[in-house]
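See below for work.pdb, which holds PDB, C-alpha atoms.
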```pdb
ATOM      1  CA  MET A   1     -31.768 -37.305  32.245
ATOM      2  CA  ARG A   2     -28.677 -38.262  30.226
ATOM      3  CA  LEU A   3     -30.869 -40.043  27.681
ATOM      4  CA  CYS A   4     -32.964 -36.880  27.291
ATOM      5  CA  CYS A   5     -29.835 -34.814  26.592
ATOM      6  CA  LEU A   6     -28.572 -37.336  24.046
ATOM      7  CA  ARG A   7     -31.920 -37.390  22.271
ATOM      8  CA  THR A   8     -31.784 -33.600  21.956
ATOM      9  CA  CYS A   9     -28.254 -33.838  20.485
ATOM     10  CA  VAL A  10     -29.469 -36.334  17.872
ATOM     11  CA  SER A  11     -32.379 -34.036  17.091
ATOM     12  CA  ILE A  12     -29.968 -31.161  16.376
ATOM     13  CA  LEU A  13     -27.751 -33.316  14.159
ATOM     14  CA  ARG A  14     -30.756 -34.182  12.013
ATOM     15  CA  LYS A  15     -31.606 -30.525  11.350
ATOM     16  CA  LYS A  16     -29.883 -28.043   9.066
ATOM     17  CA  LYS A  17     -27.952 -25.245  10.745
ATOM     18  CA  GLY A  18     -29.489 -21.833  10.239
ATOM     19  CA  THR A  19     -33.077 -23.068  10.082
ATOM     20  CA  PRO A  20     -35.756 -22.299  12.706
ATOM     21  CA  GLU A  21     -35.903 -26.029  13.503
ATOM     22  CA  PHE A  22     -32.170 -26.078  14.253
ATOM     23  CA  ASP A  23     -32.425 -23.015  16.502
ATOM     24  CA  GLU A  24     -35.321 -24.544  18.432
ATOM     25  CA  ALA A  25     -33.468 -27.836  18.886
ATOM     26  CA  LYS A  26     -30.359 -25.990  20.057
ATOM     27  CA  LYS A  27     -32.432 -24.030  22.566
ATOM     28  CA  ALA A  28     -33.878 -27.284  23.871
ATOM     29  CA  LEU A  29     -30.379 -28.728  24.201
ATOM     30  CA  LYS A  30     -29.308 -25.869  26.460
ATOM     31  CA  VAL A  31     -32.215 -26.606  28.769
ATOM     32  CA  SER A  32     -31.354 -30.320  28.783
ATOM     33  CA  GLN A  33     -27.685 -29.515  29.489
ATOM     34  CA  LYS A  34     -28.611 -27.515  32.567
ATOM     35  CA  GLU A  35     -30.808 -30.287  33.919
ATOM     36  CA  PHE A  36     -28.150 -32.910  33.170
ATOM     37  CA  ALA A  37     -25.426 -30.806  34.813
ATOM     38  CA  LYS A  38     -27.633 -30.221  37.853
ATOM     39  CA  THR A  39     -28.127 -33.971  38.212
ATOM     40  CA  LEU A  40     -24.379 -34.618  37.893
ATOM     41  CA  ALA A  41     -23.633 -31.944  40.502
ATOM     42  CA  SER A  42     -26.063 -33.529  42.970
ATOM     43  CA  TYR A  43     -23.755 -36.557  43.249
ATOM     44  CA  ALA A  44     -20.762 -34.566  44.551
ATOM     45  CA  ASP A  45     -19.730 -32.198  47.337
ATOM     46  CA  CYS A  46     -17.148 -30.343  45.263
ATOM     47  CA  TYR A  47     -16.061 -29.998  41.626
ATOM     48  CA  VAL A  48     -12.468 -30.208  40.384
ATOM     49  CA  MET A  49     -11.845 -29.215  36.761
ATOM     50  CA  ASP A  50      -8.737 -31.018  35.518
ATOM     51  CA  ALA A  51      -9.519 -31.619  31.822
ATOM     52  CA  PHE A  52      -7.318 -28.983  30.177
ATOM     53  CA  GLY A  53      -7.937 -30.266  26.642
ATOM     54  CA  THR A  54     -11.696 -29.649  26.912
ATOM     55  CA  ALA A  55     -11.782 -26.792  29.409
ATOM     56  CA  HIS A  56     -12.680 -24.279  26.688
ATOM     57  CA  ARG A  57     -15.804 -26.171  25.671
ATOM     58  CA  LYS A  58     -19.138 -25.125  27.169
ATOM     59  CA  HIS A  59     -20.366 -28.654  27.786
ATOM     60  CA  ALA A  60     -22.562 -29.869  30.610
ATOM     61  CA  SER A  61     -19.819 -31.817  32.388
ATOM     62  CA  THR A  62     -17.013 -29.277  31.852
ATOM     63  CA  ALA A  63     -18.597 -25.844  32.234
ATOM     64  CA  VAL A  64     -22.317 -25.855  33.075
ATOM     65  CA  ILE A  65     -21.801 -28.142  36.068
ATOM     66  CA  ALA A  66     -19.598 -25.536  37.741
ATOM     67  CA  ASP A  67     -22.624 -23.234  38.093
ATOM     68  CA  TYR A  68     -24.038 -25.601  40.705
ATOM     69  CA  PHE A  69     -21.111 -25.240  43.134
ATOM     70  CA  ASP A  70     -20.171 -22.141  45.118
ATOM     71  CA  ALA A  71     -16.693 -20.598  45.007
ATOM     72  CA  ASP A  72     -15.481 -22.646  47.980
ATOM     73  CA  HIS A  73     -16.473 -25.953  46.406
ATOM     74  CA  LYS A  74     -15.082 -25.721  42.863
ATOM     75  CA  MET A  75     -11.454 -25.466  41.796
ATOM     76  CA  LEU A  76      -8.844 -26.302  39.178
ATOM     77  CA  GLY A  77      -6.938 -29.577  39.408
ATOM     78  CA  LEU A  78      -3.186 -30.174  39.512
ATOM     79  CA  LEU A  79      -2.960 -30.854  35.760
ATOM     80  CA  MET A  80      -4.771 -27.586  34.990
ATOM     81  CA  GLU A  81      -2.402 -25.772  37.331
ATOM     82  CA  LYS A  82       0.585 -27.310  35.529
ATOM     83  CA  GLU A  83      -0.737 -26.361  32.080
ATOM     84  CA  VAL A  84      -1.588 -22.794  33.110
ATOM     85  CA  GLN A  85       1.861 -22.414  34.679
ATOM     86  CA  ALA A  86       3.494 -23.661  31.463
ATOM     87  CA  VAL A  87       1.689 -21.008  29.411
ATOM     88  CA  ASP A  88       2.488 -18.344  31.995
ATOM     89  CA  ASN A  89       6.190 -19.246  31.856
ATOM     90  CA  VAL A  90       6.167 -18.681  28.096
ATOM     91  CA  LEU A  91       4.269 -15.406  28.153
ATOM     92  CA  SER A  92       6.196 -13.923  31.083
ATOM     93  CA  ASN A  93       9.615 -14.574  29.537
ATOM     94  CA  ILE A  94       9.176 -14.049  25.799
ATOM     95  CA  LYS A  95      12.212 -14.402  23.564
ATOM     96  CA  ARG A  96      11.634 -12.859  20.151
ATOM     97  CA  PRO A  97      10.713 -13.482  17.431
ATOM     98  CA  PHE A  98       7.637 -15.015  19.071
ATOM     99  CA  VAL A  99       5.546 -17.210  16.747
ATOM    100  CA  ALA A 100       2.203 -18.743  17.710
ATOM    101  CA  ILE A 101       0.535 -21.580  15.786
ATOM    102  CA  MET A 102      -3.198 -21.924  16.292
ATOM    103  CA  GLY A 103      -4.962 -24.894  14.742
ATOM    104  CA  GLY A 104      -8.313 -26.538  15.264
ATOM    105  CA  SER A 105     -11.710 -26.437  13.668
ATOM    106  CA  LYS A 106     -13.473 -23.391  15.096
ATOM    107  CA  VAL A 107     -12.643 -19.710  15.336
ATOM    108  CA  SER A 108     -15.232 -19.385  18.105
ATOM    109  CA  SER A 109     -13.431 -21.777  20.453
ATOM    110  CA  LYS A 110     -10.075 -20.037  19.953
ATOM    111  CA  ILE A 111     -11.048 -16.367  19.578
ATOM    112  CA  GLY A 112     -10.217 -15.495  23.188
ATOM    113  CA  ILE A 113      -6.654 -16.804  23.016
ATOM    114  CA  ILE A 114      -6.194 -15.494  19.452
ATOM    115  CA  GLU A 115      -7.093 -11.935  20.490
ATOM    116  CA  ASN A 116      -4.846 -12.244  23.535
ATOM    117  CA  LEU A 117      -1.909 -13.490  21.457
ATOM    118  CA  LEU A 118      -2.306 -10.679  18.916
ATOM    119  CA  GLY A 119      -1.103  -8.365  21.649
ATOM    120  CA  LYS A 120       2.031 -10.428  22.270
ATOM    121  CA  VAL A 121       3.274 -12.350  19.210
ATOM    122  CA  ASP A 122       5.281 -11.261  16.187
ATOM    123  CA  LYS A 123       3.701 -13.830  13.869
ATOM    124  CA  LEU A 124       0.489 -15.829  14.134
ATOM    125  CA  ILE A 125      -0.129 -18.920  12.015
ATOM    126  CA  LEU A 126      -3.818 -19.853  11.772
ATOM    127  CA  CYS A 127      -4.497 -23.301  10.338
ATOM    128  CA  GLY A 128      -6.835 -26.275  10.612
ATOM    129  CA  GLY A 129     -10.570 -26.051  10.005
ATOM    130  CA  MET A 130     -10.750 -22.352  10.880
ATOM    131  CA  THR A 131      -8.922 -21.707   7.570
ATOM    132  CA  TYR A 132     -12.221 -22.012   5.722
ATOM    133  CA  THR A 133     -14.079 -19.528   7.906
ATOM    134  CA  PHE A 134     -11.425 -16.948   6.979
ATOM    135  CA  ALA A 135     -11.652 -17.950   3.307
ATOM    136  CA  LYS A 136     -15.439 -17.663   3.374
ATOM    137  CA  ALA A 137     -15.182 -14.249   5.025
ATOM    138  CA  HIS A 138     -13.587 -13.077   1.767
ATOM    139  CA  ASN A 139     -16.290 -14.740  -0.356
ATOM    140  CA  GLY A 140     -14.101 -17.760  -1.079
ATOM    141  CA  GLU A 141     -15.488 -21.040  -2.400
ATOM    142  CA  ILE A 142     -14.967 -23.691   0.268
ATOM    143  CA  GLY A 143     -17.081 -26.619  -0.942
ATOM    144  CA  ASN A 144     -18.207 -28.752   1.998
ATOM    145  CA  SER A 145     -15.405 -27.572   4.285
ATOM    146  CA  ILE A 146     -16.193 -26.887   7.923
ATOM    147  CA  VAL A 147     -17.183 -23.253   8.430
ATOM    148  CA  GLU A 148     -18.773 -20.973  11.020
ATOM    149  CA  LEU A 149     -20.997 -18.700   8.962
ATOM    150  CA  ASP A 150     -21.928 -16.686  12.047
ATOM    151  CA  LYS A 151     -18.255 -15.905  12.731
ATOM    152  CA  LEU A 152     -17.230 -14.350   9.407
ATOM    153  CA  ASP A 153     -17.168 -10.898  10.986
ATOM    154  CA  VAL A 154     -15.022 -12.290  13.795
ATOM    155  CA  ALA A 155     -12.502 -13.588  11.242
ATOM    156  CA  LEU A 156     -12.325 -10.186   9.564
ATOM    157  CA  GLY A 157     -11.928  -8.605  12.995
ATOM    158  CA  VAL A 158      -8.929 -10.848  13.723
ATOM    159  CA  GLU A 159      -7.307  -9.712  10.478
ATOM    160  CA  GLU A 160      -7.893  -6.057  11.365
ATOM    161  CA  LEU A 161      -6.497  -6.506  14.881
ATOM    162  CA  ALA A 162      -3.405  -8.260  13.527
ATOM    163  CA  LYS A 163      -2.811  -5.386  11.104
ATOM    164  CA  LYS A 164      -3.337  -2.814  13.849
ATOM    165  CA  ASN A 165      -0.853  -4.553  16.160
ATOM    166  CA  GLY A 166       1.743  -5.117  13.452
ATOM    167  CA  VAL A 167       1.445  -8.906  13.680
ATOM    168  CA  GLU A 168       2.175 -10.982  10.584
ATOM    169  CA  LEU A 169      -0.889 -13.172  10.119
ATOM    170  CA  VAL A 170      -0.166 -16.366   8.163
ATOM    171  CA  LEU A 171      -3.182 -18.197   6.717
ATOM    172  CA  GLY A 172      -3.210 -21.309   4.541
ATOM    173  CA  SER A 173      -3.214 -20.446   0.843
ATOM    174  CA  ASP A 174      -3.940 -23.986  -0.347
ATOM    175  CA  CYS A 175      -5.272 -27.222   1.091
ATOM    176  CA  ASN A 176      -5.606 -30.933   0.571
ATOM    177  CA  ALA A 177      -9.279 -31.749   0.058
ATOM    178  CA  THR A 178     -11.312 -34.912  -0.285
ATOM    179  CA  ASN A 179     -14.828 -35.975  -1.193
ATOM    180  CA  GLY A 180     -14.811 -39.007   1.083
ATOM    181  CA  LEU A 181     -13.836 -38.332   4.689
ATOM    182  CA  ASP A 182     -15.510 -40.632   7.211
ATOM    183  CA  PHE A 183     -15.682 -38.603  10.426
ATOM    184  CA  ASP A 184     -16.818 -41.606  12.461
ATOM    185  CA  THR A 185     -13.600 -43.523  11.806
ATOM    186  CA  MET A 186     -11.430 -40.578  10.717
ATOM    187  CA  THR A 187     -10.440 -42.459   7.573
ATOM    188  CA  VAL A 188     -10.844 -41.946   3.838
ATOM    189  CA  LYS A 189     -13.701 -43.868   2.265
ATOM    190  CA  PRO A 190     -12.768 -46.391  -0.457
ATOM    191  CA  GLY A 191     -12.630 -44.751  -3.887
ATOM    192  CA  ALA A 192     -12.549 -41.207  -2.516
ATOM    193  CA  GLU A 193     -10.533 -38.545  -4.333
ATOM    194  CA  ILE A 194      -7.856 -36.442  -2.670
ATOM    195  CA  ILE A 195      -6.848 -33.216  -4.415
ATOM    196  CA  THR A 196      -4.773 -30.107  -3.729
ATOM    197  CA  CYS A 197      -6.455 -26.781  -4.428
ATOM    198  CA  PRO A 198      -6.496 -23.138  -3.269
ATOM    199  CA  ALA A 199      -8.104 -22.830   0.171
ATOM    200  CA  ASN A 200     -10.580 -20.339  -1.272
ATOM    201  CA  LYS A 201     -11.462 -22.475  -4.314
ATOM    202  CA  VAL A 202     -12.466 -25.838  -2.923
ATOM    203  CA  PRO A 203     -14.697 -27.656  -5.462
ATOM    204  CA  ALA A 204     -18.301 -28.498  -4.631
ATOM    205  CA  GLY A 205     -18.543 -31.878  -2.932
ATOM    206  CA  PHE A 206     -15.016 -31.613  -1.484
ATOM    207  CA  GLU A 207     -13.871 -30.467   1.923
ATOM    208  CA  GLY A 208     -10.512 -29.139   3.013
ATOM    209  CA  VAL A 209      -8.875 -31.537   5.466
ATOM    210  CA  ASP A 210      -5.221 -30.468   5.668
ATOM    211  CA  ALA A 211      -2.892 -27.612   4.793
ATOM    212  CA  GLY A 212      -1.492 -27.994   1.275
ATOM    213  CA  PRO A 213       2.183 -27.888   0.202
ATOM    214  CA  ALA A 214       2.220 -24.127  -0.461
ATOM    215  CA  SER A 215       0.681 -23.460   2.963
ATOM    216  CA  GLN A 216       3.205 -25.753   4.636
ATOM    217  CA  GLU A 217       6.030 -23.836   2.972
ATOM    218  CA  ASP A 218       4.556 -20.542   4.204
ATOM    219  CA  PHE A 219       4.343 -21.978   7.725
ATOM    220  CA  ARG A 220       7.957 -23.147   7.562
ATOM    221  CA  ASN A 221       9.151 -19.710   6.464
ATOM    222  CA  ALA A 222       7.202 -18.065   9.277
ATOM    223  CA  ILE A 223       8.728 -20.349  11.909
ATOM    224  CA  LYS A 224      12.351 -20.021  10.776
ATOM    225  CA  GLY A 225      14.330 -17.889  13.196
ATOM    226  CA  ALA A 226      11.728 -18.064  15.963
ATOM    227  CA  LYS A 227      12.994 -17.885  19.532
ATOM    228  CA  THR A 228       9.665 -18.719  21.174
ATOM    229  CA  ILE A 229       6.919 -20.918  19.710
ATOM    230  CA  LEU A 230       3.488 -21.490  21.207
ATOM    231  CA  TRP A 231       1.498 -24.203  19.442
ATOM    232  CA  ASN A 232      -2.110 -25.192  20.057
ATOM    233  CA  GLY A 233      -4.059 -27.528  17.777
ATOM    234  CA  PRO A 234      -3.299 -29.513  14.587
ATOM    235  CA  ALA A 235      -3.118 -28.144  11.042
ATOM    236  CA  GLY A 236      -5.616 -30.653   9.640
ATOM    237  CA  VAL A 237      -8.019 -33.465  10.471
ATOM    238  CA  PHE A 238      -5.902 -35.424  12.921
ATOM    239  CA  PRO A 239      -4.778 -38.163  12.639
ATOM    240  CA  ALA A 240      -6.372 -38.990   9.268
ATOM    241  CA  TYR A 241      -4.659 -36.040   7.570
ATOM    242  CA  SER A 242      -1.528 -35.294   9.544
ATOM    243  CA  SER A 243       0.940 -34.265   6.808
ATOM    244  CA  ALA A 244       0.972 -30.559   7.689
ATOM    245  CA  THR A 245       0.894 -31.191  11.442
ATOM    246  CA  LEU A 246       3.833 -33.610  11.277
ATOM    247  CA  SER A 247       5.709 -31.249   8.952
ATOM    248  CA  LEU A 248       5.304 -28.457  11.507
ATOM    249  CA  LEU A 249       6.309 -30.766  14.340
ATOM    250  CA  VAL A 250       9.523 -31.859  12.596
ATOM    251  CA  LEU A 251      10.416 -28.232  11.882
ATOM    252  CA  VAL A 252       9.696 -27.025  15.409
ATOM    253  CA  LEU A 253      11.713 -29.852  16.963
ATOM    254  CA  SER A 254      14.609 -29.097  14.627
ATOM    255  CA  VAL A 255      14.821 -25.536  15.919
ATOM    256  CA  ARG A 256      17.484 -26.022  18.561
ATOM    257  CA  LEU A 257      16.530 -23.060  20.696
ATOM    258  CA  SER A 258      14.997 -22.451  24.082
ATOM    259  CA  LEU A 259      11.312 -22.656  23.225
ATOM    260  CA  ARG A 260       8.088 -23.961  24.631
ATOM    261  CA  LEU A 261       5.789 -26.188  22.596
ATOM    262  CA  LEU A 262       2.135 -26.720  23.458
ATOM    263  CA  LEU A 263       0.368 -29.162  21.115
ATOM    264  CA  ARG A 264      -3.257 -30.163  21.596
ATOM    265  CA  ALA A 265      -4.612 -32.896  19.326
ATOM    266  CA  HIS A 266      -8.099 -31.516  18.750
ATOM    267  CA  SER A 267      -9.629 -32.989  15.598
ATOM    268  CA  HIS A 268      -9.645 -30.844  12.446
TER     269      HIS A 268
END
```
Please render this file's structure as structure tokens.
Amino acid sequence: MRLCCLRTCVSILRKKKGTPEFDEAKKALKVSQKEFAKTLASYADCYVMDAFGTAHRKHASTAVIADYFDADHKMLGLLMEKEVQAVDNVLSNIKRPFVAIMGGSKVSSKIGIIENLLGKVDKLILCGGMTYTFAKAHNGEIGNSIVELDKLDVALGVEELAKKNGVELVLGSDCNATNGLDFDTMTVKPGAEIITCPANKVPAGFEGVDAGPASQEDFRNAIKGAKTILWNGPAGVFPAYSSATLSLLVLVLSVRLSLRLLLRAHSH
């Protein structure tokens, strides 16, 4: 059953997103995931979810499998309890200004927490791969940068909600881009170019991989004076392009205040 699921994944990777072939392969994957999760569930009497770093992903072994256990036989683990309590401690005792930093590659995987934070924070820094979905939503040129074309309206909705709630939304204005990122090894291919350009004017053949110097300066200015900081996800492809992430880390750690820091090293 696992082999069947993996074959379906390979089939999807070989097809172009947005085509009928891709949609059919994705539909087949969902069926395979359910069968795989059902098989996994058959080996256990109860299910304990303790993988906080992947809990938001709708994968067979982290989400779908839970459907095959009743309420009395599935639960959160001790690590999940600790992480949830840490977030609750921050949100129940907010010292202002409250700044949140949200990184990572996809708007879709963070939209729930982003919308929730827009009702609580004073400033929200959005960085990482999701930068290019926001840029594309405004008809920006993003080259080969990661983007969720089906979430452009969601990005615009986030901007509207931030404006409505009086939250200062800080997006990357520039980026470091390359034409030779090897995602398998997370390294730069020999002879590849690395340039700095506006986040909404990435040349064809290049992809944004890290926040540029102007963006990093904007992030620093937004963080200065913060009393509470909530951080989730890196500002670039981590660890291959960690300049912006490390810059943010140094700044946050230099703020000698009572703050909470949550950093998840999701790639991009």
Determine, using all atoms listed in the file, which residues of region 120-139 of chain A have any atom at most 8 Å from an atom of region 204-214 of chain A, and tabulate each with its shortest atom pair and distance in Å to one decimal place, rows ordered by chain and then rising number, as CSV.
```
residue,atom,partner,partner_atom,distance
A:Cys127,CA,A:Ala211,CA,7.2
A:Gly128,CA,A:Asp210,CA,6.7
A:Gly129,CA,A:Val209,CA,7.3
A:Tyr132,CA,A:Gly208,CA,7.8
```
Can you give me, as a PyMOL selection string, the residues this file yields under the PyMOL selection byres ((chain A and resi 99-115) around 9)? chain A and resi 56-57+96-98+116-119+121-131+133-134+146-148+151+154-155+158+161-162+219+222-223+226-237+264-268
Measure the distance from CA of Ala37 (chain A) to CA of Ala60 (chain A) in Å and round it to one decimal.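 Atom-to-atom, CA of Ala37 (chain A) and CA of Ala60 (chain A) are spaced 5.2 Å apart.
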Nearest-residue call for Pro198 (chain A), choices A:Ala28, A:Ile94, A:Cys175, A:Ala44, using all atoms listed in the file: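 Among the listed residues, A:Cys175 lies closest to Pro198 (chain A).
Nearest to Ser254 (chain A) of all the residues A:Arg220, A:Lys120, A:Lys26, A:Met80 is A:Arg220, based on all atoms listed in the file.
Interatomic distance, CA of Ala244 (chain A) to CA of His138 (chain A): 23.5 Å.
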One decimal place gives the CA of Glu81 (chain A)-CA of Ala51 (chain A) separation as 10.7 Å
Applying 12 Å and all atoms listed in the file, which residues near Pro190 (chain A) remain after dropping the ones on its own chain fewer than 2 positions away? List them as a list in words.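 That gives Thr178, Asn179, Gly180, Leu181, Asp182, Thr187, Val188, Ala192, Glu193 and Ile194 of chain A.
Proximity to Thr185 (chain A) was assessed for A:Ser173, A:Phe238, A:Leu149, A:Gln33 counting all atoms listed in the file; the smallest distance is recorded for A:Phe238.
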Please extract region 236-256 of chain A and write it out with N, CA and C atoms, as a PDB file, in the first residue's frame.
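Contents of selection.pdb, as written:
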```
ATOM      1  N   GLY A 236      13.631  32.476   4.698  1.00  0.00           N
ATOM      2  CA  GLY A 236      14.142  32.057   3.392  1.00  0.00           C
ATOM      3  C   GLY A 236      14.322  30.558   3.354  1.00  0.00           C
ATOM      4  N   VAL A 237      14.873  30.053   2.261  1.00  0.00           N
ATOM      5  CA  VAL A 237      15.143  28.618   2.150  1.00  0.00           C
ATOM      6  C   VAL A 237      16.188  28.275   3.203  1.00  0.00           C
ATOM      7  N   PHE A 238      15.803  27.477   4.166  1.00  0.00           N
ATOM      8  CA  PHE A 238      16.665  27.204   5.313  1.00  0.00           C
ATOM      9  C   PHE A 238      17.152  25.762   5.254  1.00  0.00           C
ATOM     10  N   PRO A 239      18.455  25.504   5.436  1.00  0.00           N
ATOM     11  CA  PRO A 239      19.492  26.448   5.845  1.00  0.00           C
ATOM     12  C   PRO A 239      20.321  27.033   4.706  1.00  0.00           C
ATOM     13  N   ALA A 240      20.011  26.663   3.456  1.00  0.00           N
ATOM     14  CA  ALA A 240      20.838  27.131   2.336  1.00  0.00           C
ATOM     15  C   ALA A 240      20.941  28.650   2.278  1.00  0.00           C
ATOM     16  N   TYR A 241      19.802  29.317   2.497  1.00  0.00           N
ATOM     17  CA  TYR A 241      19.780  30.789   2.484  1.00  0.00           C
ATOM     18  C   TYR A 241      19.225  31.257   3.821  1.00  0.00           C
ATOM     19  N   SER A 242      20.106  31.476   4.763  1.00  0.00           N
ATOM     20  CA  SER A 242      19.680  31.764   6.130  1.00  0.00           C
ATOM     21  C   SER A 242      20.041  33.176   6.593  1.00  0.00           C
ATOM     22  N   SER A 243      20.501  34.034   5.676  1.00  0.00           N
ATOM     23  CA  SER A 243      20.922  35.382   6.045  1.00  0.00           C
ATOM     24  C   SER A 243      19.833  36.151   6.774  1.00  0.00           C
ATOM     25  N   ALA A 244      18.630  36.206   6.182  1.00  0.00           N
ATOM     26  CA  ALA A 244      17.538  36.969   6.790  1.00  0.00           C
ATOM     27  C   ALA A 244      17.073  36.331   8.090  1.00  0.00           C
ATOM     28  N   THR A 245      16.995  35.002   8.110  1.00  0.00           N
ATOM     29  CA  THR A 245      16.555  34.294   9.314  1.00  0.00           C
ATOM     30  C   THR A 245      17.519  34.539  10.466  1.00  0.00           C
ATOM     31  N   LEU A 246      18.819  34.438  10.203  1.00  0.00           N
ATOM     32  CA  LEU A 246      19.819  34.662  11.245  1.00  0.00           C
ATOM     33  C   LEU A 246      19.841  36.123  11.682  1.00  0.00           C
ATOM     34  N   SER A 247      19.619  37.040  10.736  1.00  0.00           N
ATOM     35  CA  SER A 247      19.560  38.456  11.058  1.00  0.00           C
ATOM     36  C   SER A 247      18.409  38.729  12.019  1.00  0.00           C
ATOM     37  N   LEU A 248      17.253  38.110  11.741  1.00  0.00           N
ATOM     38  CA  LEU A 248      16.094  38.267  12.620  1.00  0.00           C
ATOM     39  C   LEU A 248      16.365  37.656  13.990  1.00  0.00           C
ATOM     40  N   LEU A 249      17.007  36.501  13.985  1.00  0.00           N
ATOM     41  CA  LEU A 249      17.297  35.803  15.237  1.00  0.00           C
ATOM     42  C   LEU A 249      18.206  36.641  16.131  1.00  0.00           C
ATOM     43  N   VAL A 250      19.272  37.198  15.544  1.00  0.00           N
ATOM     44  CA  VAL A 250      20.202  38.033  16.312  1.00  0.00           C
ATOM     45  C   VAL A 250      19.463  39.238  16.902  1.00  0.00           C
ATOM     46  N   LEU A 251      18.597  39.854  16.105  1.00  0.00           N
ATOM     47  CA  LEU A 251      17.864  41.021  16.571  1.00  0.00           C
ATOM     48  C   LEU A 251      16.905  40.666  17.708  1.00  0.00           C
ATOM     49  N   VAL A 252      16.161  39.577  17.516  1.00  0.00           N
ATOM     50  CA  VAL A 252      15.192  39.168  18.532  1.00  0.00           C
ATOM     51  C   VAL A 252      15.893  38.845  19.849  1.00  0.00           C
ATOM     52  N   LEU A 253      17.016  38.124  19.763  1.00  0.00           N
ATOM     53  CA  LEU A 253      17.739  37.749  20.975  1.00  0.00           C
ATOM     54  C   LEU A 253      18.392  38.956  21.654  1.00  0.00           C
ATOM     55  N   SER A 254      18.607  40.020  20.888  1.00  0.00           N
ATOM     56  CA  SER A 254      19.225  41.208  21.468  1.00  0.00           C
ATOM     57  C   SER A 254      18.204  42.079  22.183  1.00  0.00           C
ATOM     58  N   VAL A 255      16.932  41.807  21.955  1.00  0.00           N
ATOM     59  CA  VAL A 255      15.874  42.565  22.623  1.00  0.00           C
ATOM     60  C   VAL A 255      15.736  42.005  24.038  1.00  0.00           C
ATOM     61  N   ARG A 256      16.309  42.686  24.982  1.00  0.00           N
ATOM     62  CA  ARG A 256      16.334  42.175  26.358  1.00  0.00           C
ATOM     63  C   ARG A 256      15.038  42.506  27.081  1.00  0.00           C
TER      64      ARG A 256
END
```
